>>> print(open('work.pdb').read())   # PDB, C-alpha atoms and all ligand atoms
ATOM      1  CA  MET R   1       0.000   0.000   0.000
ATOM      2  CA  LYS R   2       1.252   3.488  -0.814
ATOM      3  CA  PRO R   3       1.882   5.738   2.208
ATOM      4  CA  LEU R   4      -0.999   8.099   2.917
ATOM      5  CA  PRO R   5      -0.501  11.726   1.854
ATOM      6  CA  ILE R   6       0.454  13.763   4.911
ATOM      7  CA  PHE R   7      -2.744  15.794   4.790
ATOM      8  CA  LEU R   8      -4.874  12.656   5.041
ATOM      9  CA  MET R   9      -2.932  11.552   8.088
ATOM     10  CA  LEU R  10      -3.436  14.999   9.628
ATOM     11  CA  ALA R  11      -7.109  15.030   8.693
ATOM     12  CA  ALA R  12      -7.559  11.630  10.292
ATOM     13  CA  THR R  13      -6.096  13.067  13.479
ATOM     14  CA  PHE R  14      -8.322  16.110  13.606
ATOM     15  CA  LEU R  15     -11.606  14.897  12.276
ATOM     16  CA  PRO R  16     -14.018  13.021  14.491
ATOM     17  CA  THR R  17     -15.239  11.011  11.513
ATOM     18  CA  ALA R  18     -13.545   9.645   8.417
ATOM     19  CA  PRO R  19     -11.646  12.202   6.309
ATOM     20  CA  PRO R  20     -13.761  13.778   3.585
ATOM     21  CA  ASN R  21     -13.769  11.972   0.315
ATOM     22  CA  LEU R  22     -12.191  14.357  -2.177
ATOM     23  CA  PHE R  23     -13.400  12.086  -4.913
ATOM     24  CA  ALA R  24     -17.048  12.231  -3.936
ATOM     25  CA  GLN R  25     -16.984  15.441  -5.990
ATOM     26  CA  GLU R  26     -15.544  13.570  -8.940
ATOM     27  CA  ARG R  27     -18.699  11.562  -9.183
ATOM     28  CA  GLY R  28     -20.752  14.731  -9.211
ATOM     29  CA  ALA R  29     -22.274  13.923  -5.831
ATOM     30  CA  ARG R  30     -23.079  17.406  -4.638
ATOM     31  CA  SER R  31     -24.875  16.038  -1.600
ATOM     32  CA  GLU R  32     -21.646  14.457  -0.336
ATOM     33  CA  GLU R  33     -19.911  17.763   0.219
ATOM     34  CA  PRO R  34     -16.850  17.466   2.421
ATOM     35  CA  ARG R  35     -17.028  19.750   5.431
ATOM     36  CA  GLY R  36     -13.406  20.784   5.486
ATOM     37  CA  PHE R  37     -10.118  19.184   6.412
ATOM     38  CA  GLY R  38      -6.748  20.022   7.822
ATOM     39  CA  GLY R  39      -7.958  21.723  11.030
ATOM     40  CA  PRO R  40      -7.999  22.684  13.797
ATOM     41  CA  ILE R  41     -10.109  25.760  13.069
ATOM     42  CA  VAL R  42      -9.550  28.903  15.125
ATOM     43  CA  LEU R  43     -11.827  31.771  14.152
ATOM     44  CA  ASN R  44     -10.970  35.456  14.625
ATOM     45  CA  GLU R  45     -13.172  38.494  15.265
ATOM     46  CA  ASP R  46     -13.431  39.589  11.661
ATOM     47  CA  ASP R  47     -13.949  36.147  10.140
ATOM     48  CA  LYS R  48     -17.460  37.146   9.086
ATOM     49  CA  PRO R  49     -19.505  37.182   5.874
ATOM     50  CA  ALA R  50     -19.032  40.197   3.626
ATOM     51  CA  PHE R  51     -22.190  39.207   1.722
ATOM     52  CA  PRO R  52     -25.494  37.567   2.595
ATOM     53  CA  GLU R  53     -26.136  33.984   1.493
ATOM     54  CA  PRO R  54     -27.195  34.045  -2.166
ATOM     55  CA  PRO R  55     -30.790  33.241  -3.048
ATOM     56  CA  ALA R  56     -31.637  29.650  -3.987
ATOM     57  CA  GLY R  57     -31.198  28.631  -7.603
ATOM     58  CA  ILE R  58     -28.323  30.912  -8.594
ATOM     59  CA  ASP R  59     -27.124  28.350 -11.112
ATOM     60  CA  VAL R  60     -30.437  26.857 -12.138
ATOM     61  CA  LYS R  61     -31.210  27.357 -15.814
ATOM     62  CA  ARG R  62     -33.982  29.887 -16.474
ATOM     63  CA  GLU R  63     -36.155  29.872 -19.553
ATOM     64  CA  GLY R  64     -36.917  33.181 -21.230
ATOM     65  CA  ILE R  65     -33.480  34.707 -20.753
ATOM     66  CA  PRO R  66     -30.619  34.666 -23.258
ATOM     67  CA  HIS R  67     -28.042  31.918 -22.765
ATOM     68  CA  GLY R  68     -24.343  31.882 -23.490
ATOM     69  CA  ARG R  69     -22.362  29.025 -24.916
ATOM     70  CA  LEU R  70     -19.942  26.578 -23.380
ATOM     71  CA  GLU R  71     -17.375  24.866 -25.550
ATOM     72  CA  MET R  72     -14.378  22.619 -25.048
ATOM     73  CA  ILE R  73     -11.362  23.728 -27.064
ATOM     74  CA  GLU R  74      -7.870  22.352 -27.575
ATOM     75  CA  TYR R  75      -4.579  24.217 -27.675
ATOM     76  CA  ASP R  76      -0.947  23.288 -28.164
ATOM     77  CA  SER R  77       0.930  23.899 -24.965
ATOM     78  CA  ARG R  78       4.591  24.696 -25.532
ATOM     79  CA  THR R  79       5.052  24.552 -21.768
ATOM     80  CA  VAL R  80       3.858  20.958 -21.432
ATOM     81  CA  GLY R  81       4.551  19.748 -24.973
ATOM     82  CA  THR R  82       1.075  18.305 -25.446
ATOM     83  CA  THR R  83      -2.321  19.285 -26.784
ATOM     84  CA  ARG R  84      -4.419  20.338 -23.806
ATOM     85  CA  ARG R  85      -8.085  21.140 -23.255
ATOM     86  CA  MET R  86      -9.979  24.007 -21.706
ATOM     87  CA  GLN R  87     -13.622  24.982 -21.453
ATOM     88  CA  VAL R  88     -14.696  28.401 -22.620
ATOM     89  CA  TYR R  89     -17.946  30.195 -21.814
ATOM     90  CA  THR R  90     -18.975  32.987 -24.141
ATOM     91  CA  PRO R  91     -21.802  35.202 -22.857
ATOM     92  CA  PRO R  92     -25.254  35.597 -24.464
ATOM     93  CA  GLY R  93     -25.091  37.535 -27.729
ATOM     94  CA  TYR R  94     -21.309  37.074 -28.019
ATOM     95  CA  THR R  95     -20.161  38.806 -31.201
ATOM     96  CA  THR R  96     -16.818  39.638 -32.745
ATOM     97  CA  ASP R  97     -18.160  43.190 -33.180
ATOM     98  CA  GLU R  98     -17.485  43.678 -29.486
ATOM     99  CA  LYS R  99     -14.644  42.962 -27.103
ATOM    100  CA  TYR R 100     -15.012  41.113 -23.811
ATOM    101  CA  PRO R 101     -13.121  40.866 -20.533
ATOM    102  CA  VAL R 102     -11.963  37.408 -19.460
ATOM    103  CA  LEU R 103     -12.103  35.524 -16.176
ATOM    104  CA  TYR R 104      -9.644  32.621 -15.913
ATOM    105  CA  LEU R 105     -11.214  30.205 -13.421
ATOM    106  CA  LEU R 106      -9.098  27.449 -11.865
ATOM    107  CA  HIS R 107     -10.059  24.114 -10.298
ATOM    108  CA  GLY R 108      -8.902  22.147  -7.233
ATOM    109  CA  ILE R 109      -6.390  19.349  -6.699
ATOM    110  CA  GLY R 110      -8.834  16.556  -7.542
ATOM    111  CA  GLY R 111     -10.267  18.242 -10.618
ATOM    112  CA  ASP R 112      -9.627  19.146 -14.219
ATOM    113  CA  GLU R 113     -10.994  21.495 -16.893
ATOM    114  CA  THR R 114     -14.529  20.169 -16.223
ATOM    115  CA  GLU R 115     -14.493  20.418 -12.436
ATOM    116  CA  TRP R 116     -16.169  23.808 -12.028
ATOM    117  CA  GLN R 117     -19.024  22.422 -14.034
ATOM    118  CA  ARG R 118     -19.667  19.843 -11.338
ATOM    119  CA  PHE R 119     -19.658  22.393  -8.526
ATOM    120  CA  ALA R 120     -21.451  25.351  -9.986
ATOM    121  CA  SER R 121     -22.477  25.472 -13.653
ATOM    122  CA  PRO R 122     -20.597  28.775 -14.079
ATOM    123  CA  ASP R 123     -22.219  29.268 -17.493
ATOM    124  CA  ILE R 124     -25.756  29.219 -16.085
ATOM    125  CA  LEU R 125     -24.719  31.270 -13.068
ATOM    126  CA  LEU R 126     -23.321  33.964 -15.361
ATOM    127  CA  ASP R 127     -26.309  33.831 -17.732
ATOM    128  CA  ASN R 128     -28.523  34.537 -14.705
ATOM    129  CA  LEU R 129     -26.353  37.353 -13.321
ATOM    130  CA  ILE R 130     -26.071  39.005 -16.735
ATOM    131  CA  ALA R 131     -29.851  38.747 -17.314
ATOM    132  CA  ASP R 132     -30.404  40.462 -13.940
ATOM    133  CA  GLY R 133     -27.906  43.213 -14.777
ATOM    134  CA  LYS R 134     -25.663  42.073 -11.916
ATOM    135  CA  ALA R 135     -22.603  41.089 -13.943
ATOM    136  CA  VAL R 136     -21.064  42.407 -17.149
ATOM    137  CA  PRO R 137     -20.876  40.056 -20.128
ATOM    138  CA  MET R 138     -17.553  38.263 -19.862
ATOM    139  CA  ILE R 139     -15.761  35.222 -21.208
ATOM    140  CA  ILE R 140     -14.902  32.540 -18.652
ATOM    141  CA  VAL R 141     -12.004  30.208 -19.362
ATOM    142  CA  MET R 142     -11.673  27.002 -17.364
ATOM    143  CA  PRO R 143      -8.291  25.468 -18.172
ATOM    144  CA  ASN R 144      -6.586  22.417 -16.672
ATOM    145  CA  GLY R 145      -4.238  23.631 -13.931
ATOM    146  CA  ARG R 146      -2.208  20.424 -13.766
ATOM    147  CA  ALA R 147       0.518  21.268 -16.278
ATOM    148  CA  GLN R 148       2.010  17.869 -16.989
ATOM    149  CA  LYS R 149       1.728  15.366 -19.832
ATOM    150  CA  ASN R 150      -0.858  13.212 -18.085
ATOM    151  CA  ASP R 151      -3.120  15.914 -16.738
ATOM    152  CA  ARG R 152      -5.932  13.617 -15.610
ATOM    153  CA  ALA R 153      -6.823  13.623 -11.899
ATOM    154  CA  GLU R 154      -5.673  10.062 -11.372
ATOM    155  CA  GLY R 155      -3.948   8.141  -8.602
ATOM    156  CA  ASP R 156      -2.462  10.160  -5.751
ATOM    157  CA  VAL R 157      -3.596  13.629  -6.820
ATOM    158  CA  PHE R 158      -1.286  15.239  -4.258
ATOM    159  CA  ALA R 159       1.725  13.926  -6.188
ATOM    160  CA  SER R 160       0.824  16.386  -8.964
ATOM    161  CA  ALA R 161       1.301  19.475  -6.777
ATOM    162  CA  PRO R 162       4.467  20.510  -8.756
ATOM    163  CA  ALA R 163       2.410  20.459 -11.971
ATOM    164  CA  PHE R 164       0.044  23.014 -10.413
ATOM    165  CA  ALA R 165       3.072  25.292  -9.961
ATOM    166  CA  ASN R 166       4.213  24.619 -13.568
ATOM    167  CA  PHE R 167       0.847  25.878 -14.754
ATOM    168  CA  GLU R 168       2.065  29.453 -14.274
ATOM    169  CA  ARG R 169       3.966  29.306 -17.585
ATOM    170  CA  ASP R 170       1.215  27.392 -19.393
ATOM    171  CA  LEU R 171      -1.311  30.034 -18.330
ATOM    172  CA  LEU R 172       0.831  33.011 -19.307
ATOM    173  CA  ASP R 173       2.513  31.662 -22.438
ATOM    174  CA  ASP R 174      -0.060  29.276 -23.890
ATOM    175  CA  VAL R 175      -3.570  29.650 -22.451
ATOM    176  CA  ILE R 176      -3.889  33.433 -22.529
ATOM    177  CA  PRO R 177      -2.354  33.901 -26.017
ATOM    178  CA  THR R 178      -4.648  31.149 -27.333
ATOM    179  CA  ILE R 179      -7.761  32.776 -25.902
ATOM    180  CA  GLU R 180      -6.774  36.233 -27.091
ATOM    181  CA  SER R 181      -6.091  35.007 -30.609
ATOM    182  CA  ARG R 182      -9.306  33.001 -30.966
ATOM    183  CA  TYR R 183     -11.839  35.172 -29.122
ATOM    184  CA  SER R 184     -12.791  38.807 -29.227
ATOM    185  CA  THR R 185     -11.149  39.968 -26.014
ATOM    186  CA  TYR R 186      -9.740  43.080 -24.420
ATOM    187  CA  ASN R 187      -6.068  42.259 -24.020
ATOM    188  CA  ASP R 188      -5.004  44.275 -21.014
ATOM    189  CA  ARG R 189      -4.683  43.713 -17.268
ATOM    190  CA  GLU R 190      -7.808  45.730 -16.514
ATOM    191  CA  HIS R 191      -9.815  43.156 -18.444
ATOM    192  CA  ARG R 192      -8.263  39.967 -17.079
ATOM    193  CA  ALA R 193      -9.325  38.274 -13.853
ATOM    194  CA  LEU R 194      -7.807  35.189 -12.235
ATOM    195  CA  ALA R 195      -9.656  33.161  -9.610
ATOM    196  CA  GLY R 196      -9.898  29.630  -8.373
ATOM    197  CA  LEU R 197     -10.960  27.194  -5.710
ATOM    198  CA  SER R 198      -8.587  25.571  -3.226
ATOM    199  CA  MET R 199      -5.465  24.552  -5.189
ATOM    200  CA  GLY R 200      -6.698  26.948  -7.904
ATOM    201  CA  GLY R 201      -7.137  29.651  -5.262
ATOM    202  CA  GLY R 202      -3.504  29.221  -4.269
ATOM    203  CA  GLN R 203      -2.489  29.371  -7.937
ATOM    204  CA  SER R 204      -4.521  32.563  -8.400
ATOM    205  CA  LEU R 205      -2.737  34.271  -5.513
ATOM    206  CA  ASN R 206       0.694  32.940  -6.510
ATOM    207  CA  PHE R 207       0.424  33.843 -10.191
ATOM    208  CA  GLY R 208      -1.897  36.830  -9.956
ATOM    209  CA  LEU R 209      -0.126  38.803  -7.247
ATOM    210  CA  THR R 210       3.242  38.315  -8.965
ATOM    211  CA  HIS R 211       1.838  39.243 -12.401
ATOM    212  CA  LEU R 212      -0.179  42.355 -11.758
ATOM    213  CA  ASP R 213       0.962  43.482 -15.178
ATOM    214  CA  THR R 214      -1.317  40.717 -16.515
ATOM    215  CA  PHE R 215      -4.217  40.556 -14.004
ATOM    216  CA  ALA R 216      -5.903  43.374 -12.082
ATOM    217  CA  TRP R 217      -8.689  41.234 -10.543
ATOM    218  CA  ILE R 218      -7.843  38.272  -8.305
ATOM    219  CA  GLY R 219      -9.979  35.844  -6.312
ATOM    220  CA  ALA R 220      -9.091  32.898  -4.062
ATOM    221  CA  PHE R 221     -11.846  30.697  -2.658
ATOM    222  CA  SER R 222     -10.619  28.367   0.149
ATOM    223  CA  ALA R 223      -6.982  28.797  -0.912
ATOM    224  CA  ALA R 224      -4.925  25.621  -0.356
ATOM    225  CA  PRO R 225      -1.466  25.197   1.225
ATOM    226  CA  ASN R 226       0.163  25.721  -2.182
ATOM    227  CA  THR R 227      -0.332  29.449  -1.461
ATOM    228  CA  LYS R 228       3.065  31.081  -1.083
ATOM    229  CA  PRO R 229       3.852  33.148   2.044
ATOM    230  CA  PRO R 230       2.032  36.514   1.901
ATOM    231  CA  ALA R 231       5.257  38.518   2.292
ATOM    232  CA  GLU R 232       6.606  36.773  -0.795
ATOM    233  CA  LEU R 233       3.473  37.545  -2.827
ATOM    234  CA  VAL R 234       3.074  41.099  -1.575
ATOM    235  CA  PRO R 235       6.602  42.350  -0.806
ATOM    236  CA  ASP R 236       5.650  45.953  -1.593
ATOM    237  CA  PRO R 237       2.108  46.503  -0.275
ATOM    238  CA  ALA R 238       1.854  50.039  -1.684
ATOM    239  CA  ALA R 239       2.757  48.864  -5.199
ATOM    240  CA  THR R 240       0.262  45.983  -4.989
ATOM    241  CA  THR R 241      -2.472  48.310  -3.752
ATOM    242  CA  GLU R 242      -1.764  50.724  -6.572
ATOM    243  CA  GLN R 243      -2.234  48.065  -9.237
ATOM    244  CA  LEU R 244      -5.040  45.896  -7.884
ATOM    245  CA  GLU R 245      -8.627  46.474  -8.894
ATOM    246  CA  LEU R 246      -9.904  43.667  -6.679
ATOM    247  CA  LEU R 247      -8.446  41.097  -4.326
ATOM    248  CA  PHE R 248     -11.162  38.765  -3.077
ATOM    249  CA  LEU R 249     -10.487  36.154  -0.384
ATOM    250  CA  SER R 250     -13.189  33.804   0.807
ATOM    251  CA  CYS R 251     -13.329  30.689   2.949
ATOM    252  CA  GLY R 252     -15.878  28.652   4.875
ATOM    253  CA  ASN R 253     -15.639  28.733   8.666
ATOM    254  CA  GLN R 254     -15.869  24.925   8.661
ATOM    255  CA  ASP R 255     -12.943  24.550   6.275
ATOM    256  CA  GLY R 256      -9.847  23.118   7.958
ATOM    257  CA  LEU R 257      -7.689  25.016   5.447
ATOM    258  CA  ILE R 258      -8.968  28.404   6.660
ATOM    259  CA  HIS R 259      -5.623  29.200   8.308
ATOM    260  CA  ILE R 260      -4.163  29.734   4.832
ATOM    261  CA  SER R 261      -6.728  32.405   3.939
ATOM    262  CA  GLN R 262      -6.562  33.871   7.450
ATOM    263  CA  GLY R 263      -2.798  34.282   7.112
ATOM    264  CA  MET R 264      -3.173  36.144   3.838
ATOM    265  CA  HIS R 265      -5.977  38.318   5.223
ATOM    266  CA  ALA R 266      -3.965  39.186   8.361
ATOM    267  CA  TYR R 267      -0.950  40.240   6.300
ATOM    268  CA  LEU R 268      -3.039  42.335   3.913
ATOM    269  CA  LYS R 269      -4.854  43.972   6.810
ATOM    270  CA  GLU R 270      -1.620  44.737   8.647
ATOM    271  CA  HIS R 271      -0.186  46.336   5.506
ATOM    272  CA  ASP R 272      -3.368  48.196   4.505
ATOM    273  CA  VAL R 273      -3.901  46.387   1.221
ATOM    274  CA  PRO R 274      -7.616  46.702   0.393
ATOM    275  CA  HIS R 275      -9.336  43.365  -0.142
ATOM    276  CA  VAL R 276     -12.635  41.567   0.324
ATOM    277  CA  TRP R 277     -12.621  39.107   3.243
ATOM    278  CA  HIS R 278     -15.661  36.859   3.151
ATOM    279  CA  VAL R 279     -16.034  33.993   5.635
ATOM    280  CA  ASP R 280     -19.282  32.073   5.376
ATOM    281  CA  GLU R 281     -20.733  29.109   7.235
ATOM    282  CA  HIS R 282     -19.678  26.475   4.707
ATOM    283  CA  GLY R 283     -16.801  24.016   4.480
ATOM    284  CA  HIS R 284     -14.345  23.005   1.775
ATOM    285  CA  ASP R 285     -17.270  22.380  -0.497
ATOM    286  CA  ALA R 286     -19.223  23.113  -3.644
ATOM    287  CA  THR R 287     -21.664  25.484  -1.928
ATOM    288  CA  HIS R 288     -18.844  27.740  -0.778
ATOM    289  CA  TRP R 289     -17.277  27.783  -4.245
ATOM    290  CA  ARG R 290     -20.565  28.339  -6.093
ATOM    291  CA  ASN R 291     -21.525  31.178  -3.743
ATOM    292  CA  SER R 292     -18.071  32.737  -3.931
ATOM    293  CA  LEU R 293     -18.184  32.752  -7.715
ATOM    294  CA  TYR R 294     -21.613  34.402  -7.509
ATOM    295  CA  HIS R 295     -20.296  37.229  -5.281
ATOM    296  CA  PHE R 296     -16.956  37.612  -7.068
ATOM    297  CA  ALA R 297     -18.420  37.734 -10.591
ATOM    298  CA  GLN R 298     -20.647  40.675  -9.625
ATOM    299  CA  MET R 299     -17.637  42.769  -8.663
ATOM    300  CA  LEU R 300     -15.650  42.117 -11.835
ATOM    301  CA  PHE R 301     -14.795  44.620 -14.540
ATOM    302  CA  GLU R 302     -16.986  47.392 -13.093
TER
HETATM  303  C1  LIG Y 401      -2.806  20.229   1.037
HETATM  304  C2  LIG Y 401      -4.155  20.105   1.337
HETATM  305  C3  LIG Y 401      -5.113  20.391   0.351
HETATM  306  C4  LIG Y 401      -2.416  20.643  -0.260
HETATM  307  C5  LIG Y 401      -3.378  20.917  -1.231
HETATM  308  C6  LIG Y 401      -4.724  20.781  -0.916
HETATM  309  C7  LIG Y 401      -0.625  21.120  -1.724
HETATM  310  C8  LIG Y 401      -5.695  21.070  -1.962
HETATM  311  C9  LIG Y 401      -7.001  20.814  -1.866
HETATM  312  C10 LIG Y 401      -7.942  21.098  -2.990
HETATM  313  O1  LIG Y 401      -7.523  21.606  -4.046
HETATM  314  O2  LIG Y 401      -9.132  20.850  -2.796
HETATM  315  O3  LIG Y 401      -1.861  19.985   1.963
HETATM  316  O4  LIG Y 401      -1.074  20.763  -0.482
END
>>> encode(input="work.pdb", output="structure tokens", more="lines below")
Ligand code: FER
Amino acid sequence: MKPLPIFLMLAATFLPTAPPNLFAQERGARSEEPRGFGGPIVLNEDDKPAFPEPPAGIDVKREGIPHGRLEMIEYDSRTVGTTRRMQVYTPPGYTTDEKYPVLYLLHGIGGDETEWQRFASPDILLDNLIADGKAVPMIIVMPNGRAQKNDRAEGDVFASAPAFANFERDLLDDVIPTIESRYSTYNDREHRALAGLSMGGGQSLNFGLTHLDTFAWIGAFSAAPNTKPPAELVPDPAATTEQLELLFLSCGNQDGLIHISQGMHAYLKEHDVPHVWHVDEHGHDATHWRNSLYHFAQMLFE
């Protein structure tokens, strides 16, 4: 038997019941949402919601409103040396007569380019927000953040952590140029957002905060331990503040990884870097990620 990943051993120590099954999500079982891992959880005074709970049905398809389109595309990655896949949402009425901002939306350690689809239906969620005038029409790109030749979420998914770091070059050198050559996009930092869940949240902070020349809008939902130390990501708080349009940090108060987000929040607060700090009542789960996307998307590109 292979040795257990360290986090599973830790989780087994802290959790009263069996560790959450990361792969329950793989089977699309939304009802089996893990309630967080890693622990113990110590909450601080300002670990509070910045937004109310969203109404029910935020990503339920509505008839009688315009719908966007979701497509799977392929691109040649020079970084990985393979043909890779990503999903692209184009908003209702998408036309090459106009230009659109782009949100790059990253998945977690057990997922791939289809994972967001299992947690939230981002396409339907955006259709609904746009119909209600709550979000601007935007393109959403859901790439595969595991930049290695076999990028399937197979075997010990924690062994692929280095590939999540390699994705920085794939994103900057391959994914973004592909999107900007094939779609009608604005190609400047003010019109690019980077956000993700868990491992993808860590990637968004690691890549976004060190490439503010590329992204002005950054979101991390339940950022994972791949997040680099805050002082490394924000060595010059005044310069970061100057460039950022939005830095959005969210986490559930039942998520055993909350110390990662708390550490980032504490550093930003201490150094007066404006950011959204949203702690809700959820865990390391689909509801937290779906709701975070709902709140984050409404703040983008305004
Ligand atoms: C870890 C615990 C969790 C870790 C990554 C994760 C790299 C990611 C979880 C997810 O993406 O859901 O120790 O280390």
>>> residues_near_ligand(input="work.pdb", ligand="ligand LIG 401 (chain Y)", cutoff="8 Å", atoms="all atoms listed in the file", output="compact mmCIF listing (two decimals) with C-alpha atoms, in the coordinates of the input")
# COMPACT_ATOMS: atom_id res chain seq x y z
CA ILE R 6 0.45 13.76 4.91
CA PHE R 7 -2.74 15.79 4.79
CA LEU R 22 -12.19 14.36 -2.18
CA PHE R 37 -10.12 19.18 6.41
CA GLY R 38 -6.75 20.02 7.82
CA HIS R 107 -10.06 24.11 -10.30
CA GLY R 108 -8.90 22.15 -7.23
CA ILE R 109 -6.39 19.35 -6.70
CA GLY R 110 -8.83 16.56 -7.54
CA GLY R 111 -10.27 18.24 -10.62
CA PHE R 158 -1.29 15.24 -4.26
CA ALA R 161 1.30 19.48 -6.78
CA LEU R 197 -10.96 27.19 -5.71
CA SER R 198 -8.59 25.57 -3.23
CA MET R 199 -5.46 24.55 -5.19
CA GLY R 200 -6.70 26.95 -7.90
CA ALA R 223 -6.98 28.80 -0.91
CA ALA R 224 -4.92 25.62 -0.36
CA PRO R 225 -1.47 25.20 1.23
CA ASN R 226 0.16 25.72 -2.18
CA LEU R 257 -7.69 25.02 5.45
CA HIS R 284 -14.34 23.00 1.78
>>> atom_distance(input="work.pdb", atom1="CA of Glu98 in chain R", atom2="CA of Pro137 in chain R")
10.6 Å
>>> atom_distance(input="work.pdb", atom1="CA of Val136 in chain R", atom2="CA of Pro54 in chain R")
18.2 Å
>>> resolve_selection(input="work.pdb", expression="the PyMOL selection byres (((chain R and resi 188) around 12) and not hetatm)", output="list in words")
Lys99, Tyr100, Pro101, Val102, Ile176, Pro177, Glu180, Thr185, Tyr186, Asn187, Arg189, Glu190, His191, Arg192, Ala193, Leu212, Asp213, Thr214, Phe215, Ala216, Trp217 and Phe301 of chain R
>>> residues_around(input="work.pdb", residues="His67 in chain R", least_positions_apart="4", cutoff="10 Å", atoms="only C-alpha atoms", output="ChimeraX atom specification")
/R:61-63,90-94,123-124,126-128,130-131
>>> atom_distance(input="work.pdb", atom1="CA of Arg169 in chain R", atom2="CA of Leu125 in chain R")
29.1 Å
>>> closest_residue(input="work.pdb", among="R:Leu244, R:Leu70, R:Ala220, R:Ala266", to="Tyr89 in chain R", atoms="all atoms listed in the file")
R:Leu70
>>> resolve_selection(input="work.pdb", expression="the PyMOL selection byres (((chain R and resi 86) around 8) and not hetatm)", output="PyMOL selection string")
chain R and resi 72-74+84-85+87-88+113+141-144
>>> resolve_selection(input="work.pdb", expression="the PyMOL selection byres (((chain R and resi 152) around 12) and not hetatm)", output="list of chain:residue names")
R:Glu26, R:Arg84, R:Arg85, R:Ile109, R:Gly110, R:Gly111, R:Asp112, R:Glu113, R:Thr114, R:Glu115, R:Asn144, R:Gly145, R:Arg146, R:Ala147, R:Gln148, R:Lys149, R:Asn150, R:Asp151, R:Ala153, R:Glu154, R:Gly155, R:Asp156, R:Val157, R:Ser160, R:Ala163
>>> write_last_selection(input="work.pdb", atoms="C-alpha atoms", output="PDB file, keeping the file's coordinate frame")
ATOM      1  CA  GLU R  26     -15.544  13.570  -8.940  1.00  0.00           C
ATOM      2  CA  ARG R  84      -4.419  20.338 -23.806  1.00  0.00           C
ATOM      3  CA  ARG R  85      -8.085  21.140 -23.255  1.00  0.00           C
ATOM      4  CA  ILE R 109      -6.390  19.349  -6.699  1.00  0.00           C
ATOM      5  CA  GLY R 110      -8.834  16.556  -7.542  1.00  0.00           C
ATOM      6  CA  GLY R 111     -10.267  18.242 -10.618  1.00  0.00           C
ATOM      7  CA  ASP R 112      -9.627  19.146 -14.219  1.00  0.00           C
ATOM      8  CA  GLU R 113     -10.994  21.495 -16.893  1.00  0.00           C
ATOM      9  CA  THR R 114     -14.529  20.169 -16.223  1.00  0.00           C
ATOM     10  CA  GLU R 115     -14.493  20.418 -12.436  1.00  0.00           C
ATOM     11  CA  ASN R 144      -6.586  22.417 -16.672  1.00  0.00           C
ATOM     12  CA  GLY R 145      -4.238  23.631 -13.931  1.00  0.00           C
ATOM     13  CA  ARG R 146      -2.208  20.424 -13.766  1.00  0.00           C
ATOM     14  CA  ALA R 147       0.518  21.268 -16.278  1.00  0.00           C
ATOM     15  CA  GLN R 148       2.010  17.869 -16.989  1.00  0.00           C
ATOM     16  CA  LYS R 149       1.728  15.366 -19.832  1.00  0.00           C
ATOM     17  CA  ASN R 150      -0.858  13.212 -18.085  1.00  0.00           C
ATOM     18  CA  ASP R 151      -3.120  15.914 -16.738  1.00  0.00           C
ATOM     19  CA  ALA R 153      -6.823  13.623 -11.899  1.00  0.00           C
ATOM     20  CA  GLU R 154      -5.673  10.062 -11.372  1.00  0.00           C
ATOM     21  CA  GLY R 155      -3.948   8.141  -8.602  1.00  0.00           C
ATOM     22  CA  ASP R 156      -2.462  10.160  -5.751  1.00  0.00           C
ATOM     23  CA  VAL R 157      -3.596  13.629  -6.820  1.00  0.00           C
ATOM     24  CA  SER R 160       0.824  16.386  -8.964  1.00  0.00           C
ATOM     25  CA  ALA R 163       2.410  20.459 -11.971  1.00  0.00           C
TER      26      ALA R 163
END
>>> closest_residue(input="work.pdb", among="R:Leu205, R:Phe296, R:Ser181, R:Pro66", to="His265 in chain R", atoms="all atoms listed in the file")
R:Leu205
>>> closest_residue(input="work.pdb", among="R:Ala297, R:Gly256, R:Leu247, R:Ile218", to="Pro274 in chain R", atoms="all atoms listed in the file")
R:Leu247
>>> closest_residue(input="work.pdb", among="R:His288, R:His271, R:Ser222, R:Met138", to="His259 in chain R", atoms="only C-alpha atoms")
R:Ser222
>>> axis_aligned_box(input="work.pdb", around="range 173-177 of chain R", padding_each_side="3 Å", output="AutoDock Vina command-line options")
--center_x -0.7 --center_y 31.6 --center_z -24.2 --size_x 12.4 --size_y 10.6 --size_z 9.6
>>> residues_near_point(input="work.pdb", point="(2.7, 41.3, -7.7)", cutoff="7 Å", atoms="only C-alpha atoms", output="list in words")
Gly208, Leu209, Thr210, His211, Leu212, Leu233, Val234 and Thr240 of chain R
>>> closest_residue(input="work.pdb", among="R:Ala135, R:Asp47, R:Leu129, R:Asn166", to="Ser77 in chain R", atoms="all atoms listed in the file")
R:Asn166
>>> closest_residue(input="work.pdb", among="R:Gly57, R:Asp170, R:Asp272, R:Gln203", to="Gly81 in chain R", atoms="only C-alpha atoms")
R:Asp170
>>> residues_near_point(input="work.pdb", point="(-10.7, 37.9, -3.3)", cutoff="7 Å", atoms="only C-alpha atoms", output="number ranges by chain")
R: 218-220, 246-250, 275-277
